[in-house]
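K.L.:
Coordinates in query.cif, mmCIF, C-alpha atoms, are listed below.
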```cif
data_coords
loop_
_atom_site.label_atom_id
_atom_site.label_comp_id
_atom_site.auth_asym_id
_atom_site.auth_seq_id
_atom_site.Cartn_x
_atom_site.Cartn_y
_atom_site.Cartn_z
CA MET A 1 7.73 2.25 16.46
CA ASP A 2 4.16 3.22 17.33
CA CYS A 3 3.02 3.46 13.72
CA SER A 4 0.50 1.37 11.82
CA VAL A 5 2.40 1.76 8.56
CA ALA A 6 5.47 0.21 10.21
CA ARG A 7 3.41 -2.60 11.73
CA SER A 8 1.89 -3.38 8.35
CA LEU A 9 5.32 -3.42 6.72
CA ASP A 10 6.53 -5.80 9.42
CA VAL A 11 4.08 -8.32 7.98
CA VAL A 12 3.91 -7.52 4.26
CA GLY A 13 6.93 -5.25 3.67
CA GLU A 14 9.33 -7.81 2.26
CA TRP A 15 9.75 -7.80 -1.49
CA TRP A 16 7.46 -10.43 -3.14
CA THR A 17 5.03 -10.66 -0.23
CA LEU A 18 2.44 -8.25 -1.65
CA LEU A 19 2.84 -9.80 -5.09
CA VAL A 20 2.02 -13.19 -3.56
CA VAL A 21 -1.04 -11.60 -1.90
CA ARG A 22 -2.08 -10.17 -5.26
CA GLU A 23 -1.83 -13.68 -6.78
CA LEU A 24 -4.00 -15.12 -4.01
CA MET A 25 -6.55 -12.32 -4.54
CA GLN A 26 -6.81 -13.38 -8.17
CA GLY A 27 -7.57 -16.94 -7.08
CA HIS A 28 -4.13 -18.26 -8.02
CA ASP A 29 -3.82 -20.39 -4.90
CA ARG A 30 -1.36 -23.16 -5.76
CA PHE A 31 2.40 -23.02 -5.34
CA GLU A 32 3.21 -24.01 -8.93
CA VAL A 33 0.85 -21.43 -10.43
CA ILE A 34 2.15 -18.59 -8.29
CA GLN A 35 5.73 -19.65 -8.91
CA THR A 36 5.21 -19.61 -12.68
CA ASP A 37 3.27 -16.32 -12.66
CA LEU A 38 5.84 -14.44 -10.62
CA GLY A 39 9.00 -16.15 -11.86
CA ILE A 40 10.12 -16.28 -8.24
CA ALA A 41 12.67 -18.71 -6.78
CA ARG A 42 10.97 -21.66 -5.08
CA ASN A 43 12.73 -21.17 -1.75
CA ILE A 44 11.73 -17.49 -1.64
CA LEU A 45 8.11 -18.23 -2.52
CA SER A 46 8.06 -20.93 0.14
CA ASP A 47 9.46 -18.48 2.68
CA ARG A 48 6.93 -15.75 1.79
CA LEU A 49 3.98 -18.17 1.97
CA ASN A 50 5.18 -19.41 5.36
CA THR A 51 5.39 -15.81 6.59
CA LEU A 52 1.84 -15.11 5.40
CA VAL A 53 0.55 -18.26 7.14
CA ALA A 54 2.49 -17.46 10.33
CA HIS A 55 0.87 -14.01 10.48
CA GLY A 56 -2.62 -15.32 9.78
CA VAL A 57 -2.82 -13.57 6.41
CA ALA A 58 -3.22 -16.85 4.50
CA GLU A 59 -4.00 -20.44 5.45
CA ARG A 60 -2.67 -23.69 4.03
CA VAL A 61 -5.49 -26.00 2.92
CA LYS A 62 -5.08 -29.62 1.82
CA TYR A 63 -6.88 -30.29 -1.46
CA HIS A 64 -5.51 -33.76 -2.29
CA ASP A 65 -4.67 -36.73 -0.06
CA HIS A 66 -2.43 -39.16 -1.97
CA PRO A 67 -0.08 -37.52 -2.51
CA GLU A 68 -0.75 -34.67 -0.11
CA ARG A 69 -1.23 -31.39 -1.95
CA PHE A 70 -1.95 -27.97 -0.49
CA GLU A 71 -3.24 -24.65 -1.67
CA TYR A 72 -3.26 -21.24 -0.01
CA HIS A 73 -6.35 -19.21 0.81
CA LEU A 74 -6.45 -15.66 2.11
CA THR A 75 -8.01 -15.27 5.54
CA GLU A 76 -10.21 -12.29 6.45
CA LYS A 77 -7.01 -10.51 7.51
CA GLY A 78 -5.52 -11.26 4.09
CA ARG A 79 -8.59 -10.24 2.09
CA ASP A 80 -8.53 -6.98 4.04
CA LEU A 81 -5.26 -6.12 2.26
CA PHE A 82 -7.41 -5.30 -0.77
CA PRO A 83 -7.10 -1.50 -0.32
CA VAL A 84 -3.29 -1.83 -0.15
CA ILE A 85 -3.19 -3.78 -3.42
CA VAL A 86 -5.65 -1.37 -5.06
CA ALA A 87 -3.58 1.63 -3.96
CA LEU A 88 -0.32 0.13 -5.28
CA MET A 89 -2.03 -0.83 -8.57
CA GLY A 90 -3.42 2.69 -8.96
CA TRP A 91 -0.12 4.40 -8.31
CA GLY A 92 1.74 2.05 -10.66
CA ASP A 93 -0.92 2.64 -13.32
CA ARG A 94 -0.57 6.41 -13.04
CA TRP A 95 3.20 6.68 -12.74
CA ALA A 96 4.86 3.58 -14.16
CA ALA A 97 2.60 1.87 -16.71
CA VAL A 98 4.21 2.83 -20.00
CA ASP A 99 1.62 0.95 -22.08
CA GLY A 100 -1.39 1.81 -19.96
CA PRO A 101 -2.83 -0.14 -17.01
CA PRO A 102 -2.22 -3.90 -17.38
CA ALA A 103 -5.32 -4.70 -15.31
CA GLU A 104 -8.41 -2.99 -13.97
CA VAL A 105 -10.42 -3.39 -10.79
CA ARG A 106 -14.14 -3.02 -11.47
CA HIS A 107 -17.09 -3.16 -9.10
CA GLU A 108 -19.77 -5.76 -9.83
CA CYS A 109 -22.44 -3.05 -10.14
CA PRO A 110 -24.21 -1.84 -13.30
CA GLY A 111 -21.78 1.10 -13.64
CA HIS A 112 -18.64 -1.10 -13.33
CA GLY A 113 -17.04 1.67 -11.26
CA GLU A 114 -13.43 1.79 -10.12
CA PRO A 115 -12.16 2.08 -6.53
CA VAL A 116 -11.81 5.66 -5.33
CA LEU A 117 -10.76 7.01 -1.92
CA VAL A 118 -13.35 9.40 -0.47
CA CYS A 119 -14.28 11.00 2.86
CA SER A 120 -16.68 8.88 4.95
CA ALA A 121 -18.53 12.02 6.05
CA CYS A 122 -18.93 14.21 2.95
CA GLY A 123 -18.08 11.76 0.14
CA GLN A 124 -15.49 14.03 -1.53
CA PRO A 125 -12.45 12.35 -3.13
CA LEU A 126 -9.44 12.64 -0.81
CA ALA A 127 -5.87 13.66 -1.50
CA LEU A 128 -3.02 14.45 0.88
CA HIS A 129 -3.71 18.21 0.96
CA ASP A 130 -7.35 17.59 2.01
CA VAL A 131 -6.58 15.85 5.29
CA ARG A 132 -4.86 16.16 8.63
CA ILE A 133 -2.88 13.30 10.16
CA ILE A 134 -3.64 13.52 13.86
CA GLY A 135 -1.66 11.77 16.62
CA ARG A 136 -3.50 9.73 19.22
CA HIS A 137 -3.72 12.41 21.89
CA ALA A 138 -4.64 15.33 19.67
CA VAL A 139 -8.17 16.34 18.70
CA PRO A 140 -9.47 17.55 15.32
CA ALA A 141 -9.36 21.35 14.99
CA MET B 1 6.42 -8.37 -14.98
CA ASP B 2 3.47 -6.52 -16.54
CA CYS B 3 1.90 -5.60 -13.19
CA SER B 4 1.40 -2.19 -11.62
CA VAL B 5 1.84 -3.59 -8.12
CA ALA B 6 5.28 -4.86 -9.08
CA ARG B 7 6.19 -1.55 -10.73
CA SER B 8 5.15 0.33 -7.61
CA LEU B 9 7.20 -1.98 -5.41
CA ASP B 10 10.19 -1.43 -7.68
CA VAL B 11 10.12 2.20 -6.49
CA VAL B 12 8.78 2.04 -2.93
CA GLY B 13 9.05 -1.65 -2.01
CA GLU B 14 12.28 -1.53 -0.01
CA TRP B 15 11.92 -1.52 3.76
CA TRP B 16 11.99 2.05 5.16
CA THR B 17 11.02 3.74 1.90
CA LEU B 18 7.30 4.06 2.66
CA LEU B 19 8.09 5.10 6.23
CA VAL B 20 10.25 7.90 4.83
CA VAL B 21 7.35 8.88 2.55
CA ARG B 22 5.03 8.89 5.57
CA GLU B 23 7.45 11.25 7.36
CA LEU B 24 7.51 13.61 4.37
CA MET B 25 3.69 13.55 4.24
CA GLN B 26 3.64 14.73 7.83
CA GLY B 27 5.89 17.66 6.90
CA HIS B 28 9.00 16.17 8.51
CA ASP B 29 11.27 17.18 5.66
CA ARG B 30 14.77 17.37 7.16
CA PHE B 31 17.27 14.55 7.38
CA GLU B 32 17.92 14.90 11.12
CA VAL B 33 14.22 14.96 11.99
CA ILE B 34 13.40 11.89 9.90
CA GLN B 35 16.46 10.07 11.21
CA THR B 36 15.42 10.72 14.82
CA ASP B 37 11.76 9.84 14.23
CA LEU B 38 12.48 6.54 12.52
CA GLY B 39 15.62 5.54 14.41
CA ILE B 40 17.11 4.55 11.06
CA ALA B 41 20.81 4.27 10.26
CA ARG B 42 22.08 7.41 8.53
CA ASN B 43 23.50 5.55 5.52
CA ILE B 44 20.21 3.72 4.94
CA LEU B 45 18.14 6.91 5.23
CA SER B 46 20.52 8.60 2.82
CA ASP B 47 20.13 5.72 0.38
CA ARG B 48 16.32 5.72 0.61
CA LEU B 49 16.11 9.50 0.11
CA ASN B 50 18.40 9.25 -2.92
CA THR B 51 16.15 6.52 -4.35
CA LEU B 52 13.06 8.69 -3.86
CA VAL B 53 14.77 11.65 -5.56
CA ALA B 54 16.05 9.46 -8.41
CA HIS B 55 12.51 8.24 -9.09
CA GLY B 56 10.99 11.72 -8.92
CA VAL B 57 9.00 10.91 -5.77
CA ALA B 58 10.78 13.61 -3.73
CA GLU B 59 13.01 16.58 -4.52
CA ARG B 60 15.98 17.97 -2.65
CA VAL B 61 15.56 21.67 -1.89
CA LYS B 62 18.26 23.95 -0.45
CA TYR B 63 16.95 25.96 2.50
CA HIS B 64 20.23 27.43 3.81
CA ASP B 65 23.33 28.70 2.01
CA HIS B 66 26.26 28.90 4.46
CA PRO B 67 26.55 26.11 5.28
CA GLU B 68 24.48 24.45 2.59
CA ARG B 69 21.45 22.65 4.05
CA PHE B 70 18.76 20.72 2.23
CA GLU B 71 15.29 19.46 2.92
CA TYR B 72 13.12 17.00 1.02
CA HIS B 73 9.74 17.76 -0.47
CA LEU B 74 7.33 15.29 -2.02
CA THR B 75 6.59 15.88 -5.70
CA GLU B 76 3.13 15.34 -7.19
CA LYS B 77 4.16 11.73 -7.80
CA GLY B 78 5.11 11.44 -4.14
CA ARG B 79 1.97 13.09 -2.78
CA ASP B 80 0.00 10.65 -4.92
CA LEU B 81 1.28 7.82 -2.69
CA PHE B 82 -1.29 9.05 -0.14
CA PRO B 83 -3.73 6.17 -0.82
CA VAL B 84 -0.92 3.65 -0.29
CA ILE B 85 -0.01 5.16 3.09
CA VAL B 86 -3.68 5.40 4.08
CA ALA B 87 -4.26 1.76 3.14
CA LEU B 88 -1.23 0.53 5.12
CA MET B 89 -2.26 2.67 8.13
CA GLY B 90 -5.78 1.28 8.01
CA TRP B 91 -4.69 -2.33 7.82
CA GLY B 92 -2.17 -1.88 10.62
CA ASP B 93 -4.84 -0.16 12.72
CA ARG B 94 -7.27 -3.03 12.22
CA TRP B 95 -4.89 -5.97 12.58
CA ALA B 96 -1.79 -4.92 14.48
CA ALA B 97 -2.51 -1.91 16.72
CA VAL B 98 -2.72 -3.50 20.16
CA ASP B 99 -3.47 -0.18 21.89
CA GLY B 100 -5.72 1.25 19.20
CA PRO B 101 -4.75 3.41 16.23
CA PRO B 102 -1.71 5.59 16.99
CA ALA B 103 -2.84 8.22 14.47
CA GLU B 104 -5.91 9.17 12.48
CA VAL B 105 -6.43 10.65 9.05
CA ARG B 106 -9.30 13.11 9.04
CA HIS B 107 -10.78 15.17 6.21
CA GLU B 108 -10.83 18.94 6.66
CA CYS B 109 -14.63 19.02 6.30
CA PRO B 110 -17.23 19.70 9.01
CA GLY B 111 -17.79 15.96 9.54
CA HIS B 112 -14.04 15.19 9.96
CA GLY B 113 -14.59 11.97 8.00
CA GLU B 114 -12.05 9.20 7.47
CA PRO B 115 -10.78 7.82 4.14
CA VAL B 116 -12.93 5.02 2.76
CA LEU B 117 -12.60 3.08 -0.51
CA VAL B 118 -15.80 3.20 -2.57
CA CYS B 119 -17.01 2.51 -6.11
CA SER B 120 -16.74 5.54 -8.42
CA ALA B 121 -20.07 4.63 -10.07
CA CYS B 122 -22.44 3.63 -7.24
CA GLY B 123 -20.60 4.92 -4.15
CA GLN B 124 -20.78 1.62 -2.24
CA PRO B 125 -17.80 0.70 -0.03
CA LEU B 126 -15.59 -1.84 -1.80
CA ALA B 127 -14.04 -5.07 -0.56
CA LEU B 128 -12.29 -7.85 -2.47
CA HIS B 129 -15.45 -9.94 -2.95
CA ASP B 130 -17.27 -6.97 -4.57
CA VAL B 131 -14.91 -6.59 -7.50
CA ARG B 132 -13.41 -8.28 -10.53
CA ILE B 133 -9.76 -7.86 -11.48
CA ILE B 134 -9.79 -7.73 -15.26
CA GLY B 135 -6.74 -8.16 -17.50
CA ARG B 136 -6.05 -5.63 -20.21
CA HIS B 137 -7.69 -7.47 -23.08
CA ALA B 138 -10.82 -8.66 -21.26
CA VAL B 139 -14.08 -6.74 -20.97
CA PRO B 140 -16.37 -6.39 -17.95
CA ALA B 141 -19.10 -9.06 -17.85
#
```
Kindly transcribe the structure held in the file into structure tokens.

P.N.:
Amino acid sequence: MDCSVARSLDVVGEWWTLLVVRELMQGHDRFEVIQTDLGIARNILSDRLNTLVAHGVAERVKYHDHPERFEYHLTEKGRDLFPVIVALMGWGDRWAAVDGPPAEVRHECPGHGEPVLVCSACGQPLALHDVRIIGRHAVPA
Amino acid sequence: MDCSVARSLDVVGEWWTLLVVRELMQGHDRFEVIQTDLGIARNILSDRLNTLVAHGVAERVKYHDHPERFEYHLTEKGRDLFPVIVALMGWGDRWAAVDGPPAEVRHECPGHGEPVLVCSACGQPLALHDVRIIGRHAVPA
């Protein structure tokens, strides 16, 4: 399918995968920590981490020699999933967080702003009814 | 799990679900059209649409009486998944689109800008290393 949403889901669309990415974004980079945080079966976590490494989203880094111990770091490709995680957090906050948002994403600037999706040209916040989705061979009206 | 990413994935985390949402965002609102576009098995599409309706992400609207025919419209909750779709499109465009982006999202303003994630306070584009993820009971530094 010639669709970037589908291609993204091919890599990160399995249940647990984006939650593992979220853990890595928070600096939780060791198997035992992630496993405890998520309450995920060890074989499934192992499988999801292997998938992330195979797709170049994360890399496996040795941090101890005897015995050998590894941790997982996001690559540039993995860190670039930040807008996906932010979007899923925002939607869950607005539509499913019965007790209010469990966590906040704040910019390290004096105003401690939150992420917001805007137009690169005019700076207005964007929603679905403000945009056109244009196929490759079409041109903007 | 007290996590808005997890709560979002509970609703839209099954394979196909976000692709169905993408179809509805493009105005492809009838079963046969979506089924042809996605090349998805009818029973799976039926299941995913029922899930979206059950969670209030889409609604089933009758558009013909004899015989009865229905189409699916996104609710406000469904239209609010726009940032999730935009984020997955963007990541797929950057990391998996071998022939360039198959589609573009453009604002209906004179500059035809693209969606970009910025800070609500200072307006700077945001990436993972620019932010802190803060748990509910912590305060910004």

K.L.:
For this file, the PyMOL selection byres ((chain A and resi 43-56) around 12) selects which residues, as a PDB file with C-alpha atoms, keeping the file's coordinate frame?

P.N.:
```pdb
ATOM      1  CA  ARG A   7       3.410  -2.600  11.730  1.00  0.00           C
ATOM      2  CA  SER A   8       1.890  -3.380   8.350  1.00  0.00           C
ATOM      3  CA  ASP A  10       6.530  -5.800   9.420  1.00  0.00           C
ATOM      4  CA  VAL A  11       4.080  -8.320   7.980  1.00  0.00           C
ATOM      5  CA  VAL A  12       3.910  -7.520   4.260  1.00  0.00           C
ATOM      6  CA  GLY A  13       6.930  -5.250   3.670  1.00  0.00           C
ATOM      7  CA  GLU A  14       9.330  -7.810   2.260  1.00  0.00           C
ATOM      8  CA  TRP A  15       9.750  -7.800  -1.490  1.00  0.00           C
ATOM      9  CA  TRP A  16       7.460 -10.430  -3.140  1.00  0.00           C
ATOM     10  CA  THR A  17       5.030 -10.660  -0.230  1.00  0.00           C
ATOM     11  CA  LEU A  18       2.440  -8.250  -1.650  1.00  0.00           C
ATOM     12  CA  LEU A  19       2.840  -9.800  -5.090  1.00  0.00           C
ATOM     13  CA  VAL A  20       2.020 -13.190  -3.560  1.00  0.00           C
ATOM     14  CA  VAL A  21      -1.040 -11.600  -1.900  1.00  0.00           C
ATOM     15  CA  GLU A  23      -1.830 -13.680  -6.780  1.00  0.00           C
ATOM     16  CA  LEU A  24      -4.000 -15.120  -4.010  1.00  0.00           C
ATOM     17  CA  ASP A  29      -3.820 -20.390  -4.900  1.00  0.00           C
ATOM     18  CA  ARG A  30      -1.360 -23.160  -5.760  1.00  0.00           C
ATOM     19  CA  PHE A  31       2.400 -23.020  -5.340  1.00  0.00           C
ATOM     20  CA  GLU A  32       3.210 -24.010  -8.930  1.00  0.00           C
ATOM     21  CA  VAL A  33       0.850 -21.430 -10.430  1.00  0.00           C
ATOM     22  CA  ILE A  34       2.150 -18.590  -8.290  1.00  0.00           C
ATOM     23  CA  GLN A  35       5.730 -19.650  -8.910  1.00  0.00           C
ATOM     24  CA  THR A  36       5.210 -19.610 -12.680  1.00  0.00           C
ATOM     25  CA  ASP A  37       3.270 -16.320 -12.660  1.00  0.00           C
ATOM     26  CA  LEU A  38       5.840 -14.440 -10.620  1.00  0.00           C
ATOM     27  CA  GLY A  39       9.000 -16.150 -11.860  1.00  0.00           C
ATOM     28  CA  ILE A  40      10.120 -16.280  -8.240  1.00  0.00           C
ATOM     29  CA  ALA A  41      12.670 -18.710  -6.780  1.00  0.00           C
ATOM     30  CA  ARG A  42      10.970 -21.660  -5.080  1.00  0.00           C
ATOM     31  CA  VAL A  57      -2.820 -13.570   6.410  1.00  0.00           C
ATOM     32  CA  ALA A  58      -3.220 -16.850   4.500  1.00  0.00           C
ATOM     33  CA  GLU A  59      -4.000 -20.440   5.450  1.00  0.00           C
ATOM     34  CA  ARG A  60      -2.670 -23.690   4.030  1.00  0.00           C
ATOM     35  CA  VAL A  61      -5.490 -26.000   2.920  1.00  0.00           C
ATOM     36  CA  PHE A  70      -1.950 -27.970  -0.490  1.00  0.00           C
ATOM     37  CA  GLU A  71      -3.240 -24.650  -1.670  1.00  0.00           C
ATOM     38  CA  TYR A  72      -3.260 -21.240  -0.010  1.00  0.00           C
ATOM     39  CA  HIS A  73      -6.350 -19.210   0.810  1.00  0.00           C
ATOM     40  CA  LEU A  74      -6.450 -15.660   2.110  1.00  0.00           C
ATOM     41  CA  THR A  75      -8.010 -15.270   5.540  1.00  0.00           C
ATOM     42  CA  GLU A  76     -10.210 -12.290   6.450  1.00  0.00           C
ATOM     43  CA  LYS A  77      -7.010 -10.510   7.510  1.00  0.00           C
ATOM     44  CA  GLY A  78      -5.520 -11.260   4.090  1.00  0.00           C
ATOM     45  CA  ARG A  79      -8.590 -10.240   2.090  1.00  0.00           C
ATOM     46  CA  ASP A  80      -8.530  -6.980   4.040  1.00  0.00           C
ATOM     47  CA  LEU A  81      -5.260  -6.120   2.260  1.00  0.00           C
TER      48      LEU A  81
ATOM     49  CA  TRP B  95      -4.890  -5.970  12.580  1.00  0.00           C
ATOM     50  CA  ALA B  96      -1.790  -4.920  14.480  1.00  0.00           C
TER      51      ALA B  96
END
```

K.L.:
At a cut-off of 12 Å, using all atoms listed in the file, what residues contact A:Gln124? Leave out same-chain residues fewer than 3 positions from it and give the result as a list in words.

P.N.:
Val116, Leu117, Val118, Cys119, Ser120, Ala121, Ala127, Asp130 and Val131 of chain A; His107, Glu108, Cys109, Gly111, His112, Gly113, Glu114, Pro115, Val116, Leu117, Val118, Ser120 and Gly123 of chain B

K.L.:
Keeping only C-alpha atoms, take the residues you just selected and write them out as a PDB file, in the coordinates of the input.

P.N.:
```pdb
ATOM      1  CA  VAL A 116     -11.810   5.660  -5.330  1.00  0.00           C
ATOM      2  CA  LEU A 117     -10.760   7.010  -1.920  1.00  0.00           C
ATOM      3  CA  VAL A 118     -13.350   9.400  -0.470  1.00  0.00           C
ATOM      4  CA  CYS A 119     -14.280  11.000   2.860  1.00  0.00           C
ATOM      5  CA  SER A 120     -16.680   8.880   4.950  1.00  0.00           C
ATOM      6  CA  ALA A 121     -18.530  12.020   6.050  1.00  0.00           C
ATOM      7  CA  ALA A 127      -5.870  13.660  -1.500  1.00  0.00           C
ATOM      8  CA  ASP A 130      -7.350  17.590   2.010  1.00  0.00           C
ATOM      9  CA  VAL A 131      -6.580  15.850   5.290  1.00  0.00           C
TER      10      VAL A 131
ATOM     11  CA  HIS B 107     -10.780  15.170   6.210  1.00  0.00           C
ATOM     12  CA  GLU B 108     -10.830  18.940   6.660  1.00  0.00           C
ATOM     13  CA  CYS B 109     -14.630  19.020   6.300  1.00  0.00           C
ATOM     14  CA  GLY B 111     -17.790  15.960   9.540  1.00  0.00           C
ATOM     15  CA  HIS B 112     -14.040  15.190   9.960  1.00  0.00           C
ATOM     16  CA  GLY B 113     -14.590  11.970   8.000  1.00  0.00           C
ATOM     17  CA  GLU B 114     -12.050   9.200   7.470  1.00  0.00           C
ATOM     18  CA  PRO B 115     -10.780   7.820   4.140  1.00  0.00           C
ATOM     19  CA  VAL B 116     -12.930   5.020   2.760  1.00  0.00           C
ATOM     20  CA  LEU B 117     -12.600   3.080  -0.510  1.00  0.00           C
ATOM     21  CA  VAL B 118     -15.800   3.200  -2.570  1.00  0.00           C
ATOM     22  CA  SER B 120     -16.740   5.540  -8.420  1.00  0.00           C
ATOM     23  CA  GLY B 123     -20.600   4.920  -4.150  1.00  0.00           C
TER      24      GLY B 123
END
```

K.L.:
Got a sec to resolve the PyMOL selection byres ((chain B and resi 132) around 10) on this structure and send the residues as a VMD selection string?

P.N.:
(chain A and resid 25 to 26 104 to 108 112) or (chain B and resid 128 to 131 133 to 135 140 to 141)

K.L.:
Quote the spacing between atom CA of B:Phe82 and atom CA of A:Trp91 in Å to one decimal place.

P.N.:
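A separation of 9.5 Å between them.
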
K.L.:
What does the distance from atom CA of A:Arg69 to atom CA of A:Gly27 come to in Å, to one decimal?

P.N.:
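Straight-line distance from atom CA of A:Arg69 to atom CA of A:Gly27 works out to 16.6 Å.
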
K.L.:
Taking into account only C-alpha atoms, which residue in the set B:Gly100, B:Pro125, B:Pro110, B:Gly92 is nearest to chain A?

P.N.:
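Of B:Gly100, B:Pro125, B:Pro110, B:Gly92, the one nearest chain A, counting only C-alpha atoms, is B:Gly92.
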
K.L.:
Report, in Å with one decimal, the straight-line distance from atom CA of A:Cys3 to atom CA of A:Arg94.

P.N.:
27.2 Å

K.L.:
May I ask which of the residues A:Pro67, A:Met1, A:Ala103, A:Arg22 is the closest one to chain B, counting all atoms listed in the file?

P.N.:
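Using all atoms listed in the file, chain B sits closest to A:Ala103.
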
K.L.:
Which is closer to chain B than all the others in A:Tyr63, A:His28, A:Glu68, A:Gly90, using all atoms listed in the file?

P.N.:
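Smallest separation from chain B among the options: A:Gly90.
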
K.L.:
Determine the axis-aligned bounding box of all atoms of stretch 15-28 of chain A present in the file, pad each side by 8 Å, and express its centre and edge lengths in Å to one decimal place as AutoDock Vina command-line options.

P.N.:
```
--center_x 1.1 --center_y -13.0 --center_z -4.2 --size_x 33.3 --size_y 26.5 --size_z 23.9
```

K.L.:
So which one's closest to A:Val86, B:Val98, B:Leu126, B:Asp2, B:Lys62? Using all atoms listed in the file, please.

P.N.:
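Nearest to A:Val86: B:Leu126.
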
K.L.:
Let me make sure I understand: among A:Cys122, A:Pro102, A:Leu88, A:Ala97, which one has the smallest atom-to-atom distance to B:Val5 if we use all atoms listed in the file?

P.N.:
A:Leu88
